[in-house]
Every structure is written in structure tokens, then in C-alpha cells.
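model_0.pdb (PDB, C-alpha atoms) appears below.
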ATOM      1  CA  MET A   1      78.902 146.430  58.530  1.00  0.00           C
ATOM      2  CA  VAL A   2      79.910 143.794  56.004  1.00  0.00           C
ATOM      3  CA  SER A   3      83.495 144.146  54.737  1.00  0.00           C
ATOM      4  CA  TYR A   4      82.954 142.071  51.604  1.00  0.00           C
ATOM      5  CA  TYR A   5      80.324 139.863  50.016  1.00  0.00           C
ATOM      6  CA  LYS A   6      80.371 136.312  48.799  1.00  0.00           C
ATOM      7  CA  VAL A   7      78.612 136.346  45.441  1.00  0.00           C
ATOM      8  CA  ILE A   8      77.328 132.827  44.832  1.00  0.00           C
ATOM      9  CA  LEU A   9      76.507 131.705  41.280  1.00  0.00           C
ATOM     10  CA  ASP A  10      73.955 129.000  40.569  1.00  0.00           C
ATOM     11  CA  THR A  11      73.648 126.839  37.473  1.00  0.00           C
ATOM     12  CA  SER A  12      71.107 129.025  35.650  1.00  0.00           C
ATOM     13  CA  PHE A  13      73.315 132.070  36.168  1.00  0.00           C
ATOM     14  CA  LEU A  14      76.404 130.346  34.785  1.00  0.00           C
ATOM     15  CA  PHE A  15      74.580 129.683  31.503  1.00  0.00           C
ATOM     16  CA  LEU A  16      73.773 133.418  31.049  1.00  0.00           C
ATOM     17  CA  PRO A  17      76.862 134.321  29.012  1.00  0.00           C
ATOM     18  CA  PHE A  18      75.635 131.933  26.326  1.00  0.00           C
ATOM     19  CA  GLU A  19      71.998 133.035  26.479  1.00  0.00           C
ATOM     20  CA  ALA A  20      72.379 136.800  26.823  1.00  0.00           C
ATOM     21  CA  ASN A  21      75.965 137.466  25.687  1.00  0.00           C
ATOM     22  CA  LEU A  22      77.089 138.750  29.102  1.00  0.00           C
ATOM     23  CA  ASP A  23      80.436 138.710  30.848  1.00  0.00           C
ATOM     24  CA  ILE A  24      79.467 137.747  34.405  1.00  0.00           C
ATOM     25  CA  LYS A  25      82.520 139.245  36.109  1.00  0.00           C
ATOM     26  CA  GLU A  26      82.304 142.491  34.153  1.00  0.00           C
ATOM     27  CA  GLU A  27      78.584 142.929  34.787  1.00  0.00           C
ATOM     28  CA  LEU A  28      78.919 142.207  38.514  1.00  0.00           C
ATOM     29  CA  LEU A  29      81.708 144.794  38.772  1.00  0.00           C
ATOM     30  CA  LYS A  30      79.434 147.391  37.126  1.00  0.00           C
ATOM     31  CA  LEU A  31      76.460 146.512  39.325  1.00  0.00           C
ATOM     32  CA  LEU A  32      77.945 146.120  42.792  1.00  0.00           C
ATOM     33  CA  ASN A  33      79.450 148.983  44.760  1.00  0.00           C
ATOM     34  CA  VAL A  34      80.845 146.659  47.413  1.00  0.00           C
ATOM     35  CA  LYS A  35      83.887 144.419  47.683  1.00  0.00           C
ATOM     36  CA  PHE A  36      83.079 140.866  46.660  1.00  0.00           C
ATOM     37  CA  GLU A  37      84.472 137.508  45.664  1.00  0.00           C
ATOM     38  CA  ILE A  38      82.718 135.079  43.336  1.00  0.00           C
ATOM     39  CA  TYR A  39      82.037 131.524  44.463  1.00  0.00           C
ATOM     40  CA  VAL A  40      80.433 128.487  42.887  1.00  0.00           C
ATOM     41  CA  PRO A  41      79.074 125.796  45.210  1.00  0.00           C
ATOM     42  CA  LYS A  42      80.338 122.243  44.729  1.00  0.00           C
ATOM     43  CA  CYS A  43      76.716 121.097  44.260  1.00  0.00           C
ATOM     44  CA  VAL A  44      76.377 123.524  41.298  1.00  0.00           C
ATOM     45  CA  LEU A  45      79.588 122.190  39.789  1.00  0.00           C
ATOM     46  CA  ASP A  46      78.200 118.661  40.229  1.00  0.00           C
ATOM     47  CA  GLU A  47      75.008 119.699  38.432  1.00  0.00           C
ATOM     48  CA  ILE A  48      77.021 121.116  35.518  1.00  0.00           C
ATOM     49  CA  LYS A  49      79.047 117.915  35.376  1.00  0.00           C
ATOM     50  CA  ARG A  50      75.794 115.920  35.238  1.00  0.00           C
ATOM     51  CA  ILE A  51      74.600 118.038  32.278  1.00  0.00           C
ATOM     52  CA  MET A  52      77.956 117.503  30.514  1.00  0.00           C
ATOM     53  CA  ASN A  53      77.559 113.744  30.734  1.00  0.00           C
ATOM     54  CA  ASP A  54      73.808 113.382  30.150  1.00  0.00           C
ATOM     55  CA  PRO A  55      73.047 112.101  26.638  1.00  0.00           C
ATOM     56  CA  LYS A  56      69.463 113.388  27.062  1.00  0.00           C
ATOM     57  CA  GLU A  57      70.813 116.938  26.991  1.00  0.00           C
ATOM     58  CA  GLY A  58      71.529 118.247  23.521  1.00  0.00           C
ATOM     59  CA  ILE A  59      75.087 118.186  22.202  1.00  0.00           C
ATOM     60  CA  LYS A  60      75.211 122.004  22.223  1.00  0.00           C
ATOM     61  CA  LYS A  61      74.152 122.222  25.885  1.00  0.00           C
ATOM     62  CA  ARG A  62      76.659 119.517  26.838  1.00  0.00           C
ATOM     63  CA  ARG A  63      79.470 121.424  25.083  1.00  0.00           C
ATOM     64  CA  ILE A  64      78.471 124.657  26.827  1.00  0.00           C
ATOM     65  CA  ALA A  65      78.389 122.805  30.159  1.00  0.00           C
ATOM     66  CA  ARG A  66      81.922 121.503  29.516  1.00  0.00           C
ATOM     67  CA  PHE A  67      83.143 125.037  28.803  1.00  0.00           C
ATOM     68  CA  ILE A  68      81.397 126.393  31.929  1.00  0.00           C
ATOM     69  CA  TYR A  69      82.869 123.610  34.068  1.00  0.00           C
ATOM     70  CA  ASP A  70      86.427 124.362  32.925  1.00  0.00           C
ATOM     71  CA  TYR A  71      85.874 128.128  33.188  1.00  0.00           C
ATOM     72  CA  VAL A  72      84.547 127.859  36.747  1.00  0.00           C
ATOM     73  CA  LEU A  73      87.517 125.786  37.886  1.00  0.00           C
ATOM     74  CA  LYS A  74      89.958 128.334  36.439  1.00  0.00           C
ATOM     75  CA  ASN A  75      88.199 131.569  37.471  1.00  0.00           C
ATOM     76  CA  PHE A  76      86.068 131.160  40.582  1.00  0.00           C
ATOM     77  CA  LYS A  77      86.451 129.816  44.092  1.00  0.00           C
ATOM     78  CA  ILE A  78      84.611 126.604  44.877  1.00  0.00           C
ATOM     79  CA  ILE A  79      82.669 126.533  48.118  1.00  0.00           C
ATOM     80  CA  ASP A  80      82.150 123.065  49.556  1.00  0.00           C
ATOM     81  CA  ILE A  81      78.383 122.765  49.731  1.00  0.00           C
ATOM     82  CA  LYS A  82      76.716 119.506  48.909  1.00  0.00           C
ATOM     83  CA  GLY A  83      73.091 118.448  48.621  1.00  0.00           C
ATOM     84  CA  LYS A  84      70.205 119.861  46.626  1.00  0.00           C
ATOM     85  CA  VAL A  85      71.285 123.101  45.007  1.00  0.00           C
ATOM     86  CA  ASP A  86      68.291 125.278  45.948  1.00  0.00           C
ATOM     87  CA  ASP A  87      68.180 124.093  49.560  1.00  0.00           C
ATOM     88  CA  SER A  88      71.937 124.549  49.919  1.00  0.00           C
ATOM     89  CA  LEU A  89      71.814 128.110  48.550  1.00  0.00           C
ATOM     90  CA  ILE A  90      68.983 129.073  50.908  1.00  0.00           C
ATOM     91  CA  GLU A  91      70.831 127.568  53.871  1.00  0.00           C
ATOM     92  CA  LEU A  92      74.019 129.405  52.910  1.00  0.00           C
ATOM     93  CA  GLY A  93      72.123 132.699  52.665  1.00  0.00           C
ATOM     94  CA  LEU A  94      70.452 132.194  56.035  1.00  0.00           C
ATOM     95  CA  LYS A  95      73.723 131.405  57.795  1.00  0.00           C
ATOM     96  CA  ASN A  96      75.732 134.309  56.318  1.00  0.00           C
ATOM     97  CA  GLU A  97      74.731 137.974  56.137  1.00  0.00           C
ATOM     98  CA  ASN A  98      77.392 138.651  53.516  1.00  0.00           C
ATOM     99  CA  VAL A  99      75.942 136.434  50.768  1.00  0.00           C
ATOM    100  CA  ILE A 100      74.340 137.466  47.481  1.00  0.00           C
ATOM    101  CA  ILE A 101      72.857 134.653  45.376  1.00  0.00           C
ATOM    102  CA  CYS A 102      72.962 135.024  41.580  1.00  0.00           C
ATOM    103  CA  THR A 103      70.187 133.031  39.943  1.00  0.00           C
ATOM    104  CA  ASN A 104      67.693 133.273  37.128  1.00  0.00           C
ATOM    105  CA  ASP A 105      65.484 130.585  38.671  1.00  0.00           C
ATOM    106  CA  ARG A 106      62.170 132.336  39.500  1.00  0.00           C
ATOM    107  CA  GLU A 107      61.075 129.847  42.146  1.00  0.00           C
ATOM    108  CA  LEU A 108      64.417 130.023  43.930  1.00  0.00           C
ATOM    109  CA  ARG A 109      64.339 133.842  43.785  1.00  0.00           C
ATOM    110  CA  LYS A 110      60.904 133.842  45.444  1.00  0.00           C
ATOM    111  CA  LYS A 111      62.164 131.621  48.252  1.00  0.00           C
ATOM    112  CA  LEU A 112      65.294 133.709  48.758  1.00  0.00           C
ATOM    113  CA  LYS A 113      63.224 136.912  48.830  1.00  0.00           C
ATOM    114  CA  LYS A 114      60.944 135.392  51.468  1.00  0.00           C
ATOM    115  CA  TYR A 115      64.000 134.932  53.700  1.00  0.00           C
ATOM    116  CA  GLY A 116      65.426 138.380  52.928  1.00  0.00           C
ATOM    117  CA  ILE A 117      68.435 137.012  51.036  1.00  0.00           C
ATOM    118  CA  PRO A 118      69.566 139.406  48.263  1.00  0.00           C
ATOM    119  CA  THR A 119      69.657 138.085  44.715  1.00  0.00           C
ATOM    120  CA  ILE A 120      71.011 139.167  41.368  1.00  0.00           C
ATOM    121  CA  TYR A 121      69.188 138.093  38.214  1.00  0.00           C
ATOM    122  CA  LEU A 122      68.911 138.937  34.518  1.00  0.00           C
ATOM    123  CA  HIS A 123      66.125 141.304  33.444  1.00  0.00           C
ATOM    124  CA  ASP A 124      65.905 142.810  29.958  1.00  0.00           C
ATOM    125  CA  TYR A 125      69.498 141.784  29.156  1.00  0.00           C
ATOM    126  CA  LYS A 126      70.992 143.462  32.218  1.00  0.00           C
ATOM    127  CA  LEU A 127      71.623 142.356  35.773  1.00  0.00           C
ATOM    128  CA  GLU A 128      69.295 143.552  38.537  1.00  0.00           C
ATOM    129  CA  ILE A 129      69.511 143.350  42.323  1.00  0.00           C
ATOM    130  CA  ASP A 130      66.549 142.261  44.399  1.00  0.00           C
ATOM    131  CA  GLY A 131      66.981 142.837  48.113  1.00  0.00           C
ATOM    132  CA  TYR A 132      69.029 144.991  50.426  1.00  0.00           C
ATOM    133  CA  ILE A 133      72.808 145.026  50.298  1.00  0.00           C
ATOM    134  CA  LYS A 134      74.404 146.790  53.281  1.00  0.00           C
TER     135      LYS A 134
END
As C-alpha cells, what does this structure read like?
Amino acid sequence: MVSYYKVILDTSFLFLPFEANLDIKEELLKLLNVKFEIYVPKCVLDEIKRIMNDPKEGIKKRRIARFIYDYVLKNFKIIDIKGKVDDSLIELGLKNENVIICTNDRELRKKLKKYGIPTIYLHDYKLEIDGYIK
């Protein structure tokens, strides 16, 4: 039996509050009936930092990325995972039975499902769980 879960947020999930007007913490509390802590991998933080500093991204997206970066540092635990984001999230899920990955990336969700790793994603402006949570 798992005593608590590590809820891992990816980049696409961190942009949800700006796309769907959601409070991530609040929505996760409503959805999950288990103890959990929220984590953001270092590689996700690096990806957000890259967006903040990329002149090819629009000014609005860069400003949102800056806000997300600061918000993450103040509100969530950082888990030291480096490398490609998708590969790192899959590896983390395979090595730990107490992990739930939050992503809106369809391809990543398919891969995670294939390995039996539970995910949380946005569907019709509300969060949904895909997979079994003990």
C-alpha cells in the first residue's frame, strides 16, 4: 500500500492555469483521494527557462513562462531529474510505484499508459485520471 503519491507536473500541465483558468493545487485536491506532494522535475524547469529566454516564442508566452518559473520555485518541490523530459518522466514512473504524472501531452500519455503509469490530464475543462491509483 502506498502511503503517499508524488504528483509530477510536466511543462504542458504547468501552462494549464493560463489556458483553462484552473488552479492546479485546488483541482488536484478535489480529484485525488490520497495523500500527495507536488513535484516539478529540474528538466521541466529547464524547459520553462528555455521558453522564457527564447525570442522565437511570443512575448506573451515568455511572460507566462517567467510567472510559471517563479511560481514553481515558490510553491512546489523540485526533483533533480535531468535529460529529455518525456524519457525522464517515463523512467521516474517505472522506478516508483507512487508516482502520478500530470501532462496534457497526448503522445507522452500514450507511452505512460503503455507502461501502466497513472496520469492526470485536462478533459473538457476538468482534470481526469487515466490509470489505477492504489
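Minimum atom-to-atom distances from A:Glu37, A:Glu19, A:Lys25, A:Gly83 to A:Tyr71 were compared using all atoms listed in the file, and the lowest value belongs to A:Lys25.
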* Asked: Hey, what's within 6 Å of A:Cys43 if we count only C-alpha atoms and toss same-chain stuff fewer than 2 positions away? As a list in words, please?
  -> Pro41, Leu45, Asp46, Ile81, Lys82 and Val85 of chain A
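If you measure from each of A:Asn98, A:Ser88, A:Thr11, A:Thr119 to A:Ile64 using only C-alpha atoms, the closest one turns out to be A:Thr11.
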* Asked: What does the PyMOL selection byres ((chain A and resi 131-133) around 9) select in this file, as a VMD selection string?
  -> chain A and resid 34 98 100 113 116 to 120 129 to 130 134
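Note that the spacing between atom CA of A:Ile24 and atom CA of A:Lys126 amounts to 10.5 Å.
As for atom CA of A:Leu94 and atom CA of A:Leu14, they are spaced 22.1 Å apart.
Selection result for the displayed file, with the PyMOL selection byres ((chain A and resi 10) around 10) as criterion, is Val7, Ile8, Leu9, Thr11, Ser12, Phe13, Leu14, Phe15, Tyr39, Val40, Pro41, Cys43, Val44, Leu45, Glu47, Ile48, Val85, Asp86, Leu89, Ile101, Cys102, Thr103, Asn104 and Asp105 of chain A.
Residues near the point (82.6, 145.1, 43.9), at a distance of 12 Å or less over only C-alpha atoms, make up A:Ser3, A:Tyr4, A:Tyr5, A:Lys6, A:Val7, A:Lys25, A:Glu26, A:Glu27, A:Leu28, A:Leu29, A:Lys30, A:Leu31, A:Leu32, A:Asn33, A:Val34, A:Lys35, A:Phe36, A:Glu37, A:Ile38, A:Ile100, A:Ile133.
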Residues within 6 Å of A:Met52, please, as a PDB file with C-alpha atoms, keeping the file's coordinate frame. Count only C-alpha atoms; anything in the same chain fewer than 5 positions from it doesn't count.
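Just written: out_30.pdb:
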ATOM      1  CA  ARG A  62      76.659 119.517  26.838  1.00  0.00           C
ATOM      2  CA  ALA A  65      78.389 122.805  30.159  1.00  0.00           C
ATOM      3  CA  ARG A  66      81.922 121.503  29.516  1.00  0.00           C
TER       4      ARG A  66
END
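Restricting the calculation to all atoms listed in the file, the smallest distance between A:Lys84 and any of A:Lys42, A:Lys114, A:Phe18, A:Tyr125 is found for A:Lys42.
Coordinates place atom CA of A:Lys111 at a distance of 26.3 Å from atom CA of A:Tyr69.
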